[in-house]
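Report on the structure given below.
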Amino acid sequence: MSDFPLAALALALAGWFAVAVWLRPRVFTYALFALAPTQFIFISVSTFFLSPADVLALTATAAFVLRVVVGHGRARQAVWQHRYVLLMIAAYLLGFTMLGTFSRTVVRLPMAAAASMLACDTLSRRVHLWRAQLALILAAVIDAAYGLFFYAIGQPLHPTRFSGMSGVNFTAIVVVTAAAIAFAATARARHWSALARPGALFAVALATLSQMGILAFLASWWLVIRKVTTSRNIVRLTVVAAIGIGLALSSPTVRQRLADRNARTTEIDGVARNSADVRWMVLRTAWQGFKTSPVVGLGFAQFQSYSVIDPEINRSTAGGGYGTHNTYVEVLVEGGILAFACLLMHLVQCFKRTRDVLSEIRRSKDTVLAGALVGFPIALVCAALANVLVTYHFWCACGLALASTRPGVRAVSDTEAAVLVRRTSASLPSAVTQVPKPAH
């Protein structure tokens, strides 16, 4: 097929999707939430690589821009809520101009951030928040099923740790978020059986042996989930966790894998290092890079190539370099103070908005709002231990939390309450006996 018919076909498909998103934008938002892990399944298109999640993001973003242009109120409000993110992107572009560098990968930042804008635009009612939460749970099921398939055929994606389609650490993020949402939904359940599915998801997350995932879940538990969980369920979860840990540690294989988790392994240059050693080298080099260009940074996606100026990193990676393994450091060293300040202001804005919702959750024991917020602390913790700036899942979790802070979303009608009960009963049996109406 020649280039012209292929381009015409692509344009026609894009137009159809744009119309579909314009007519049913919320459906595409749910789809993007559910298929976020497919971001790591790349298909070569000319000189670029696209994934199923990329296709959804591009078409949904095109329709979102159209809604903004024609003056759709919620769409324009969503843009205003992400003004600091847009300024951060502008800071990176300014850096390209001043530094004389460029990386086309920068296009992935607005594509990913669009997931958060879509959430704020389309999730306008409580039932929408709940469906978005189900979509994130589905994302974890899809990712875990992919990894389990390779286990079943005898070709695990990682030799000692569970991994889905997105790699060990990202699988941990996706599954831990889903487990936290499910725990929030079942927080006030009356029967043990309701806790089985959240427990199964958390067990999959533990199988990744990701310390980041455990820390992120604990942060979400402390800040959100425990505020809606009944005392009886806290006791139940504590007992089950103690039994599960005891049984796991009784296995020599599990004990050995846990012991090996932080063991130093010999790298290319013959030196034994573990993750902490690598992170220290990276932080040392990142500080040096920041001092080189503190205002606009080194340029988007430039740190890995820069990191080889450190002789130890150059030797241990054979000239390949390391990423920062920390989103905050990544933005600071690659975007400088300008980009980092914009990211910080966006997160502070999110924190201020979610703080009011947390107070409401504590008072009303609202499991729907709790489920919408649980992903936000997970995203913040994981951002400190991994590079998540251009991942859809990170922005989906942040966008869902931000969408839940709108007063109109937090209000619940009797009709919506009934719908939420039916949805919950169908997806998580016996999980929720009623959806509480927030106190006013």
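Starting from 1 in every chain, residues are counted up; chains themselves are A, B, ... following the order of the structure tokens, and ligands are numbered from 1 as listed.
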Exercise for the section: Find the spatial neighbours of region 338-349 of chain A, counting only C-alpha atoms, within a cut-off of 10 Å - ignore same-chain residues fewer than 3 positions away - and output them as a PyMOL selection string. Expected result: chain A and resi 81-92+94-95+294-297+328-335+352-354+376+380+398+402
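If you count only C-alpha atoms and ignore residues fewer than 4 places along the chain from Asn262 (chain A), what sits within 8 Å of it is Leu258, Asn274 and Ser275 of chain A.
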Restricting the output to N, CA and C atoms, write the selected residues as a PDB file, in the first residue's frame.
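The result, stored in part.pdb:
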ATOM      1  N   LEU A 258      13.523 -12.592  48.837  1.00  0.00           N
ATOM      2  CA  LEU A 258      13.512 -11.344  49.595  1.00  0.00           C
ATOM      3  C   LEU A 258      14.931 -10.931  49.982  1.00  0.00           C
ATOM      4  N   ASN A 274      23.884  -2.550  44.136  1.00  0.00           N
ATOM      5  CA  ASN A 274      22.453  -2.770  44.223  1.00  0.00           C
ATOM      6  C   ASN A 274      21.721  -1.499  43.817  1.00  0.00           C
ATOM      7  N   SER A 275      20.392  -1.501  43.944  1.00  0.00           N
ATOM      8  CA  SER A 275      19.596  -0.360  43.494  1.00  0.00           C
ATOM      9  C   SER A 275      19.966   0.922  44.234  1.00  0.00           C
TER      10      SER A 275
END
Handout entry: Which of A:Pro37, A:Pro311, A:Gly319, A:Gly246 sits closest to Pro52 (chain A) [using only C-alpha atoms]
Key = A:Pro37
What's the 8 Å shell around region 298-306 of chain A, counting only C-alpha atoms, without same-chain residues fewer than 6 positions away, as a JSON list (two decimals) with C-alpha atoms, in the first residue's frame?
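Now in out_13.json:
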[["chain", "number", "residue", "atom", "x", "y", "z"],
["A", 92, "TYR", "CA", 10.65, 22.57, 28.34],
["A", 95, "GLY", "CA", 14.73, 25.11, 27.25],
["A", 96, "PHE", "CA", 15.01, 23.59, 23.78],
["A", 99, "LEU", "CA", 19.99, 25.08, 24.82],
["A", 101, "THR", "CA", 18.65, 20.72, 21.84],
["A", 102, "PHE", "CA", 15.46, 18.87, 20.98],
["A", 103, "SER", "CA", 13.73, 15.57, 21.71],
["A", 105, "THR", "CA", 9.69, 12.47, 22.99],
["A", 106, "VAL", "CA", 8.43, 15.70, 24.57],
["A", 286, "ALA", "CA", 21.87, 14.89, 38.64],
["A", 289, "GLY", "CA", 23.72, 18.51, 35.88],
["A", 290, "PHE", "CA", 21.44, 20.88, 37.77],
["A", 292, "THR", "CA", 25.34, 23.19, 34.99],
["A", 320, "GLY", "CA", 24.27, 3.71, 27.97],
["A", 321, "GLY", "CA", 23.68, 5.89, 31.02],
["A", 322, "TYR", "CA", 20.90, 5.84, 33.60],
["A", 323, "GLY", "CA", 17.57, 7.56, 33.97],
["A", 324, "THR", "CA", 16.94, 9.47, 37.18],
["A", 330, "GLU", "CA", 14.01, 14.25, 36.46],
["A", 333, "VAL", "CA", 17.57, 18.40, 36.21],
["A", 334, "GLU", "CA", 15.99, 18.30, 32.72],
["A", 335, "GLY", "CA", 13.59, 21.25, 33.04],
["A", 336, "GLY", "CA", 15.39, 23.32, 35.63]]
Could you find all residues in region 164-326 of chain A that DSSP calls strand (DSSP E) from the backbone, and write them as a short mmCIF file (atom, residue, chain, number, x, y, z; two decimals) with N, CA and C atoms, in the first residue's frame?
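Full text of out.cif as output:
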data_model
loop_
_atom_site.label_atom_id
_atom_site.label_comp_id
_atom_site.auth_asym_id
_atom_site.auth_seq_id
_atom_site.Cartn_x
_atom_site.Cartn_y
_atom_site.Cartn_z
N THR A 265 24.75 -7.10 42.85
CA THR A 265 25.07 -7.98 41.73
C THR A 265 26.17 -7.33 40.89
N THR A 266 26.98 -8.16 40.28
CA THR A 266 28.10 -7.67 39.50
C THR A 266 27.61 -7.10 38.17
N ALA A 272 30.18 -4.85 42.05
CA ALA A 272 28.89 -5.28 42.58
C ALA A 272 28.13 -4.08 43.13
N ARG A 273 26.91 -3.92 42.67
CA ARG A 273 26.07 -2.80 43.12
C ARG A 273 24.64 -3.28 43.30
#
Exercise for the section: Would you please give, as a PyMOL selection string, all residues of region 166-198 of chain A that DSSP assigns to alpha helix (DSSP H) based on the backbone? Expected result: chain A and resi 168-185+196-198
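With only C-alpha atoms taken into account, the protein and nucleic acid residues at most 9 Å from Asp143 (chain A) (excluding it and anything under 6 positions from it in its own chain) are Leu35, Pro37, Thr38, Ser163, Gly164, Met165, Ser166, Thr171, Val174 and Val175 of chain A.
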The selected residues should be written to file as a tab-separated table (two decimals), in the first residue's frame (atoms: N, CA and C atoms).
chain	number	residue	atom	x	y	z
A	35	LEU	N	-6.98	0.97	29.55
A	35	LEU	CA	-5.92	0.48	28.65
A	35	LEU	C	-4.61	1.22	28.85
A	37	PRO	N	-2.07	0.53	30.72
A	37	PRO	CA	-0.87	-0.33	30.68
A	37	PRO	C	-0.40	-0.67	29.27
A	38	THR	N	-1.30	-0.60	28.28
A	38	THR	CA	-0.89	-0.93	26.91
A	38	THR	C	0.03	0.14	26.32
A	163	SER	N	5.91	-9.74	36.66
A	163	SER	CA	5.87	-8.57	35.79
A	163	SER	C	4.75	-8.73	34.78
A	164	GLY	N	4.03	-7.64	34.54
A	164	GLY	CA	3.03	-7.61	33.48
A	164	GLY	C	3.62	-7.01	32.22
A	165	MET	N	2.75	-6.47	31.38
A	165	MET	CA	3.20	-5.94	30.10
A	165	MET	C	4.05	-4.68	30.26
A	166	SER	N	4.00	-4.08	31.43
A	166	SER	CA	4.63	-2.78	31.61
A	166	SER	C	5.90	-2.81	32.45
A	171	THR	N	4.02	-2.36	36.79
A	171	THR	CA	2.98	-3.31	37.17
A	171	THR	C	2.62	-3.14	38.64
A	174	VAL	N	0.35	-0.04	38.93
A	174	VAL	CA	-0.99	-0.28	38.41
A	174	VAL	C	-1.80	-1.16	39.35
A	175	VAL	N	-1.20	-2.25	39.82
A	175	VAL	CA	-1.94	-3.22	40.64
A	175	VAL	C	-2.16	-2.68	42.05
Handout entry: Contacts of Thr177 (chain A) at 8 Å (only C-alpha atoms; same-chain gap of 6+ positions) as number ranges by chain
Key = A: 136-137, 217, 374-375, 378
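Minimum atom-to-atom distance to Thr391 (chain A), evaluated using only C-alpha atoms, belongs to A:Arg108 out of A:Arg190, A:Arg74, A:Arg108, A:Arg197.
If only C-alpha atoms are the atoms counted, then among A:Ile225, A:Val19, A:Val381, A:Val390 the closest residue to Ala185 (chain A) is A:Ile225.
Counting only C-alpha atoms, region 111-113 of chain A has the following residues at most 7 Å away, ignoring those fewer than 3 positions along the same chain: A:Ala57, A:Leu58, A:Val107, A:Arg108, A:Ser116, A:Met117, A:Val390, A:Thr391, A:Tyr392, A:Trp395.
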Generate the output file for the selected residues, N, CA and C atoms, as a CSV table (one decimal), in the first residue's frame.
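Result written to result_26.csv:
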chain,number,residue,atom,x,y,z
A,57,ALA,N,-5.3,8.2,23.4
A,57,ALA,CA,-5.0,9.6,23.9
A,57,ALA,C,-5.0,10.6,22.8
A,58,LEU,N,-4.5,10.3,21.7
A,58,LEU,CA,-4.4,11.2,20.6
A,58,LEU,C,-5.8,11.6,20.1
A,107,VAL,N,6.6,15.2,23.1
A,107,VAL,CA,5.2,15.2,22.7
A,107,VAL,C,4.4,14.2,23.6
A,108,ARG,N,5.1,13.3,24.2
A,108,ARG,CA,4.4,12.3,25.1
A,108,ARG,C,4.0,13.0,26.4
A,116,SER,N,-5.4,13.5,32.5
A,116,SER,CA,-5.9,14.2,33.6
A,116,SER,C,-7.0,15.2,33.2
A,117,MET,N,-6.7,16.0,32.1
A,117,MET,CA,-7.6,17.0,31.7
A,117,MET,C,-9.0,16.3,31.3
A,390,VAL,N,5.6,10.7,31.9
A,390,VAL,CA,5.0,10.5,30.7
A,390,VAL,C,4.1,9.3,30.6
A,391,THR,N,3.8,8.7,31.8
A,391,THR,CA,2.9,7.5,31.8
A,391,THR,C,1.5,7.9,32.0
A,392,TYR,N,0.6,7.3,31.3
A,392,TYR,CA,-0.8,7.6,31.4
A,392,TYR,C,-1.4,7.4,32.7
A,395,TRP,N,-1.1,10.1,35.3
A,395,TRP,CA,-2.0,11.3,35.1
A,395,TRP,C,-3.5,10.9,35.3
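Compared by their closest atoms to Thr208 (chain A), and using only C-alpha atoms, the residues A:Ser250, A:Ser231, A:Ser220, A:Asn169 rank with A:Asn169 nearest.
Checking A:Ala172, A:Leu195, A:Ala115, A:Val271 one by one against Gly147 (chain A), counting only C-alpha atoms, you find the shortest gap at A:Ala172.
Distance-wise, CA of Ala401 (chain A) and CA of Asp121 (chain A) end up 12.7 Å apart.
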Problem - Residues within 9 Å of Ala178 (chain A), only C-alpha atoms, excluding chain neighbours under 2 positions, as a ChimeraX atom specification - result: /A:133-134,136-141,173-176,180-183,198,201-202,375
Export of the given selection (C-alpha atoms) as a PDB file, in the first residue's frame:
ATOM      1  CA  GLN A 133     -12.359   3.475  39.400  1.00  0.00           C
ATOM      2  CA  LEU A 134     -13.623   0.253  37.818  1.00  0.00           C
ATOM      3  CA  LEU A 136      -8.418   1.421  36.791  1.00  0.00           C
ATOM      4  CA  ILE A 137      -9.181  -1.938  38.394  1.00  0.00           C
ATOM      5  CA  LEU A 138      -9.657  -3.387  34.902  1.00  0.00           C
ATOM      6  CA  ALA A 139      -6.282  -1.926  33.920  1.00  0.00           C
ATOM      7  CA  ALA A 140      -4.641  -3.952  36.698  1.00  0.00           C
ATOM      8  CA  VAL A 141      -6.493  -7.110  35.653  1.00  0.00           C
ATOM      9  CA  ILE A 173       1.995   0.851  40.478  1.00  0.00           C
ATOM     10  CA  VAL A 174      -0.992  -0.280  38.408  1.00  0.00           C
ATOM     11  CA  VAL A 175      -1.936  -3.218  40.639  1.00  0.00           C
ATOM     12  CA  VAL A 176      -1.356  -1.401  43.942  1.00  0.00           C
ATOM     13  CA  ALA A 180      -6.284   0.452  47.037  1.00  0.00           C
ATOM     14  CA  ILE A 181      -9.442   1.349  45.098  1.00  0.00           C
ATOM     15  CA  ALA A 182     -10.934  -2.079  45.810  1.00  0.00           C
ATOM     16  CA  PHE A 183     -10.048  -1.840  49.505  1.00  0.00           C
ATOM     17  CA  PRO A 198      -8.803  -6.580  46.993  1.00  0.00           C
ATOM     18  CA  LEU A 201      -4.911  -7.802  43.815  1.00  0.00           C
ATOM     19  CA  PHE A 202      -2.592  -6.849  46.649  1.00  0.00           C
ATOM     20  CA  GLY A 375      -4.492   6.794  43.674  1.00  0.00           C
TER      21      GLY A 375
END
